[in-house]
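S.K.: One file: coords02.txt (compact mmCIF, C-alpha atoms).
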```txt
# COMPACT_ATOMS: atom_id res chain seq x y z
CA MET A 288 0.00 0.00 0.00
CA THR A 289 1.43 3.39 -0.98
CA ALA A 290 0.91 6.40 1.19
CA THR A 291 -0.63 9.47 -0.38
CA ILE A 292 1.54 12.51 0.08
CA THR A 293 -0.34 15.65 0.99
CA ARG A 294 1.02 18.70 -0.75
CA LEU A 295 -0.37 21.77 1.00
CA ALA A 296 -0.48 25.22 -0.60
CA ASP A 297 -2.02 28.52 0.46
CA VAL A 298 -4.42 30.43 -1.75
CA ALA A 299 -5.94 33.90 -1.66
CA THR A 300 -8.04 35.99 -4.01
CA VAL A 301 -8.01 39.79 -4.22
CA PRO A 302 -10.10 42.17 -6.31
CA THR A 303 -8.37 43.98 -9.19
CA PRO A 304 -9.63 46.37 -11.86
CA ILE A 305 -9.89 43.44 -14.30
CA GLY A 306 -11.52 40.96 -11.97
CA PRO A 307 -10.59 38.69 -9.10
CA PHE A 308 -6.94 37.64 -9.00
CA THR A 309 -6.03 34.38 -7.29
CA ALA A 310 -2.58 33.15 -6.36
CA ILE A 311 -1.51 29.75 -5.08
CA VAL A 312 1.75 29.68 -3.15
CA ASP A 313 3.91 26.84 -1.92
CA THR A 314 4.66 26.54 1.80
CA ASP A 315 7.79 28.68 1.31
CA GLY A 316 5.82 31.48 -0.39
CA ALA A 317 6.82 30.79 -4.02
CA VAL A 318 3.98 31.32 -6.50
CA LEU A 319 2.88 28.05 -8.11
CA ALA A 320 0.02 29.54 -10.12
CA SER A 321 -1.80 32.82 -10.48
CA GLY A 322 -4.35 34.50 -12.67
CA TRP A 323 -7.55 36.47 -13.00
CA THR A 324 -10.03 33.97 -11.65
CA GLY A 325 -11.92 33.51 -8.43
CA ASP A 326 -11.73 29.72 -8.73
CA PRO A 327 -8.64 28.27 -6.97
CA THR A 328 -9.52 24.75 -8.15
CA GLU A 329 -9.40 25.86 -11.79
CA LEU A 330 -6.08 27.54 -11.15
CA ALA A 331 -4.58 24.51 -9.37
CA ARG A 332 -5.11 22.45 -12.54
CA VAL A 333 -2.47 24.48 -14.41
CA VAL A 334 0.26 23.69 -11.86
CA HIS A 335 2.69 21.04 -13.13
CA SER A 336 1.76 17.63 -11.75
CA SER A 337 5.03 17.38 -9.80
CA LEU A 338 4.17 20.58 -7.91
CA ARG A 339 0.36 20.45 -7.85
CA PRO A 340 -1.10 20.82 -4.37
CA THR A 341 -3.48 18.19 -3.07
CA GLU A 342 -4.87 20.55 -0.45
CA LEU A 343 -5.54 24.28 -0.72
CA ARG A 344 -5.69 26.36 2.44
CA LEU A 345 -7.74 29.53 1.93
CA ARG A 346 -6.20 32.70 3.34
CA ASP A 347 -7.28 36.32 3.43
CA SER A 348 -3.81 37.33 2.28
CA LEU A 349 -0.58 35.77 1.09
CA GLY A 350 1.51 38.56 2.58
CA GLU A 351 4.04 39.98 0.14
CA VAL A 352 2.44 38.15 -2.83
CA THR A 353 -0.96 39.74 -2.22
CA GLN A 354 0.68 43.11 -1.55
CA ALA A 355 2.62 42.87 -4.82
CA VAL A 356 -0.57 42.12 -6.77
CA THR A 357 -2.34 45.09 -5.19
CA ASP A 358 0.64 47.41 -5.67
CA TYR A 359 1.06 46.37 -9.32
CA HIS A 360 -2.58 47.05 -10.13
CA ASP A 361 -2.30 50.38 -8.28
CA GLY A 362 0.59 51.43 -10.55
CA ASP A 363 3.84 50.04 -9.05
CA LEU A 364 4.80 47.97 -12.10
CA THR A 365 7.95 46.59 -10.45
CA ALA A 366 6.13 45.24 -7.37
CA ILE A 367 5.89 41.77 -8.94
CA ASP A 368 9.58 41.48 -9.85
CA ALA A 369 10.94 40.19 -6.53
CA ILE A 370 8.25 37.56 -5.93
CA ALA A 371 9.56 34.00 -6.11
CA VAL A 372 7.94 31.71 -8.67
CA ARG A 373 8.18 27.93 -8.93
CA GLN A 374 7.25 26.19 -12.18
CA HIS A 375 8.47 22.90 -13.58
CA SER A 376 8.96 21.73 -17.14
CA GLY A 377 11.71 20.99 -19.60
CA GLU A 378 14.90 23.00 -19.92
CA PHE A 379 13.66 25.36 -22.67
CA LEU A 380 10.35 26.25 -21.01
CA THR A 381 11.99 26.83 -17.65
CA HIS A 382 14.59 29.08 -19.28
CA ALA A 383 11.95 30.89 -21.34
CA TRP A 384 9.92 31.67 -18.20
CA GLU A 385 13.05 33.14 -16.59
CA ILE A 386 13.58 35.31 -19.69
CA LEU A 387 9.94 36.48 -19.60
CA ARG A 388 10.51 37.82 -16.10
CA LYS A 389 13.18 40.11 -17.58
CA VAL A 390 10.95 41.70 -20.24
CA PRO A 391 10.36 45.21 -18.86
CA ALA A 392 6.87 46.54 -18.24
CA GLY A 393 5.82 48.84 -21.07
CA GLU A 394 8.24 47.22 -23.55
CA PRO A 395 6.38 44.25 -25.05
CA VAL A 396 8.20 41.93 -27.46
CA THR A 397 6.99 39.77 -30.32
CA TYR A 398 6.96 35.98 -30.13
CA THR A 399 9.88 36.02 -32.59
CA GLU A 400 11.86 38.43 -30.40
CA PHE A 401 11.00 36.35 -27.33
CA ALA A 402 12.31 33.20 -29.08
CA GLY A 403 15.56 35.04 -29.82
CA LEU A 404 15.89 36.31 -26.25
CA SER A 405 15.36 32.71 -25.10
CA GLY A 406 18.31 31.56 -27.21
CA ARG A 407 16.34 29.81 -29.95
CA PRO A 408 15.52 32.40 -32.60
CA ALA A 409 13.90 29.86 -34.95
CA ALA A 410 11.67 28.45 -32.18
CA THR A 411 8.78 30.91 -32.36
CA ARG A 412 6.21 28.15 -31.73
CA ALA A 413 8.16 26.96 -28.69
CA ALA A 414 8.19 30.53 -27.39
CA ALA A 415 4.43 30.76 -27.87
CA ASN A 416 4.10 27.41 -26.07
CA ALA A 417 6.06 28.84 -23.12
CA CYS A 418 3.48 31.62 -22.86
CA ALA A 419 0.55 29.21 -23.17
CA ARG A 420 1.92 26.86 -20.48
CA ASN A 421 2.86 29.60 -18.02
CA ALA A 422 0.97 28.95 -14.78
CA ALA A 423 2.16 32.08 -12.94
CA ALA A 424 0.47 34.87 -14.89
CA LEU A 425 1.49 38.40 -13.95
CA PHE A 426 4.62 37.24 -12.07
CA VAL A 427 5.87 35.61 -15.29
CA PRO A 428 4.44 38.31 -17.58
CA CYS A 429 3.48 36.41 -20.71
CA HIS A 430 1.03 39.23 -21.48
CA ARG A 431 4.09 41.22 -22.65
CA VAL A 432 4.47 39.04 -25.77
CA LEU A 433 2.64 40.05 -28.96
CA ARG A 434 2.32 38.80 -32.51
CA ILE A 435 4.32 40.48 -35.26
CA GLY A 436 2.54 43.68 -36.23
CA GLY A 437 1.31 44.28 -32.69
CA GLN A 438 -1.63 41.91 -32.68
CA LEU A 439 -2.37 40.66 -29.19
CA GLY A 440 -2.22 36.92 -29.82
CA GLY A 441 -3.71 34.76 -27.09
CA PHE A 442 -3.96 35.00 -23.32
CA ARG A 443 -5.41 32.42 -20.92
CA TRP A 444 -7.22 35.16 -19.00
CA GLY A 445 -8.76 36.82 -22.06
CA LEU A 446 -7.74 39.47 -24.53
CA ASP A 447 -9.54 42.21 -22.61
CA ALA A 448 -7.31 41.46 -19.60
CA LYS A 449 -4.20 41.41 -21.81
CA ARG A 450 -5.19 44.71 -23.40
CA TRP A 451 -5.75 46.28 -19.95
CA LEU A 452 -2.38 45.03 -18.66
CA LEU A 453 -0.49 46.39 -21.67
CA ALA A 454 -2.26 49.75 -21.43
CA HIS A 455 -1.60 49.87 -17.68
CA GLU A 456 2.07 49.19 -18.28
CA ALA A 457 2.26 51.74 -21.08
CA ARG A 458 0.72 54.23 -18.61
CA GLY A 459 -1.61 55.18 -21.42
CA SER A 460 -5.19 54.45 -22.28
CA ALA A 461 -6.57 51.21 -23.69
CA ALA A 462 -6.72 53.03 -27.04
CA ASP A 463 -2.89 52.96 -27.11
CA VAL A 464 -2.91 49.16 -27.27
CA PRO A 465 -3.83 47.45 -30.53
CA ALA A 466 -7.27 45.88 -30.74
CA HIS A 467 -7.52 42.13 -31.38
CA ARG A 468 -7.47 41.31 -35.06
```
Represent the structure from my file as structure tokens, please.

M.R.:
Amino acid sequence: MTATITRLADVATVPTPIGPFTAIVDTDGAVLASGWTGDPTELARVVHSSLRPTELRLRDSLGEVTQAVTDYHDGDLTAIDAIAVRQHSGEFLTHAWEILRKVPAGEPVTYTEFAGLSGRPAATRAAANACARNAAALFVPCHRVLRIGGQLGGFRWGLDAKRWLLAHEARGSAADVPAHR
């Protein structure tokens, strides 16, 4: 008989201008998953199976993680930079997520540019896959990657959320960000 290992994680949801934002953190405070949803169970499904919690403990706040989310949405675009993130995958995806964390707010890149920054300039589809498989939205800012020509591309949390984030980071209005084509 094998024992089931309980993997506990804390979760909290806070209101933001684009809807509820939920984060799941490991026992050491590293973000396992985050995004604009009020459903922690939905969010837990995007955590890699080797890290996925088996039990979620609801909290009012996750301390510095919750504060960073609030501060970011209030205009401190660097508030998210120091928050630890833990994701698991192959070597390229892990590296690509680290590179995404270095793309400055207000300076979006194309998928092609992101592939080049990640060390594989011909791997545009792999770069897009890194964005699609990113579980830690906002903290690993995949919303900062656009299609060639400025089209938004996709975003797990919706194109309206992506458009808002880009406009927020540009410190302009939503009209400054290209509409979905």

S.K.: Would you kindly return, as a ChimeraX atom specification, each protein, DNA or RNA residue with an atom no farther than 8 Å from any atom of Ala457 in chain A, considering only C-alpha atoms and excluding same-chain residues fewer than 5 positions away?

M.R.: /A:392-394

S.K.: Extract, using only C-alpha atoms, all DNA, RNA and protein residues at most 12 Å from Gly406 in chain A, discarding same-chain residues fewer than 5 positions from it, and format them as a ChimeraX atom specification.

M.R.: /A:378-380,382-383,385-386,399-401,411,413-414

S.K.: Could you take the residues named above and write them with C-alpha atoms, as an mmCIF file, in the coordinates of the input?

M.R.:
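What follows is the written file result_38.cif:
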```
data_model
loop_
_atom_site.group_PDB
_atom_site.id
_atom_site.type_symbol
_atom_site.label_atom_id
_atom_site.label_comp_id
_atom_site.auth_asym_id
_atom_site.auth_seq_id
_atom_site.Cartn_x
_atom_site.Cartn_y
_atom_site.Cartn_z
ATOM 1 C CA GLU A 378 14.900 23.000 -19.920
ATOM 2 C CA PHE A 379 13.660 25.360 -22.670
ATOM 3 C CA LEU A 380 10.350 26.250 -21.010
ATOM 4 C CA HIS A 382 14.590 29.080 -19.280
ATOM 5 C CA ALA A 383 11.950 30.890 -21.340
ATOM 6 C CA GLU A 385 13.050 33.140 -16.590
ATOM 7 C CA ILE A 386 13.580 35.310 -19.690
ATOM 8 C CA THR A 399 9.880 36.020 -32.590
ATOM 9 C CA GLU A 400 11.860 38.430 -30.400
ATOM 10 C CA PHE A 401 11.000 36.350 -27.330
ATOM 11 C CA THR A 411 8.780 30.910 -32.360
ATOM 12 C CA ALA A 413 8.160 26.960 -28.690
ATOM 13 C CA ALA A 414 8.190 30.530 -27.390
#
```

S.K.: When distances are computed from all atoms listed in the file, which of A:Thr365, A:Arg346, A:Pro395, A:Gly325 shows the smallest separation from Gly436 in chain A?

M.R.: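 Under the stated criterion, the closest residue is A:Pro395.
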
S.K.: If we count only C-alpha atoms, what is near range 330-332 of chain A at a cut-off of 10 Å, once residues fewer than 2 positions away on the same chain are taken out, given as a list in words?

M.R.: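 Returned residues: Ala296, Val298, Thr309, Ala310, Ile311, Leu319, Ala320, Ser321, Gly322, Trp323, Thr324, Gly325, Asp326, Pro327, Thr328, Val334, His335, Ser336, Leu338, Arg339, Pro340, Thr341, Glu342, Leu343, Ala422 and Ala423 of chain A.
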
S.K.: For Ala417 in chain A, which residue out of A:Gly350, A:Val432, A:Arg344, A:Tyr359 is the nearest one, using only C-alpha atoms?

M.R.: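 Looking only at the distances to Ala417 in chain A, the closest residue turns out to be A:Val432.
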
S.K.: In terms of the shortest atom-to-atom distance over all atoms listed in the file, which of A:Val301, A:Ala424, A:Leu433, A:Val390 is closest to Gln374 in chain A?

M.R.: A:Ala424

S.K.: Rounded to one decimal, what separation in Å do you get between CA of Asp358 in chain A and CA of Gly441 in chain A?

M.R.: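 Result for CA of Asp358 in chain A versus CA of Gly441 in chain A: 25.3 Å, one decimal.
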
S.K.: Here is a test: counting only C-alpha atoms, which residue of A:Glu329, A:Asp361, A:Asp368, A:Asp313 is nearest to Leu349 in chain A?

M.R.: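 Of A:Glu329, A:Asp361, A:Asp368, A:Asp313, the one nearest Leu349 in chain A, counting only C-alpha atoms, is A:Asp313.
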
S.K.: Determine, counting all atoms listed in the file, which protein, DNA and RNA residues have an atom within 10 Å of an atom of Arg431 in chain A; residues of the same chain fewer than 5 positions away are not included. Present the result as a list in words.

M.R.: Leu387, Arg388, Val390, Pro391, Ala392, Gly393, Glu394, Pro395, Val396, Thr397, Tyr398, Phe401, Cys418, Leu425, Leu439, Lys449, Arg450, Leu452, Leu453 and Glu456 of chain A

S.K.: Between CA of Val352 in chain A and CA of Val312 in chain A, what distance in Å does the model show, to one decimal?

M.R.: 8.5 Å

S.K.: Work out how far apart CA of Ala355 in chain A and CA of Phe426 in chain A are and give it in Å to one decimal.

M.R.: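 It comes out at 9.4 Å.
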
S.K.: Return the single residue from A:Arg412, A:Ser337, A:Ala371, A:His430 that is closest to Asp447 in chain A, with distances computed using all atoms listed in the file.

M.R.: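 Nearest to Asp447 in chain A: A:His430.
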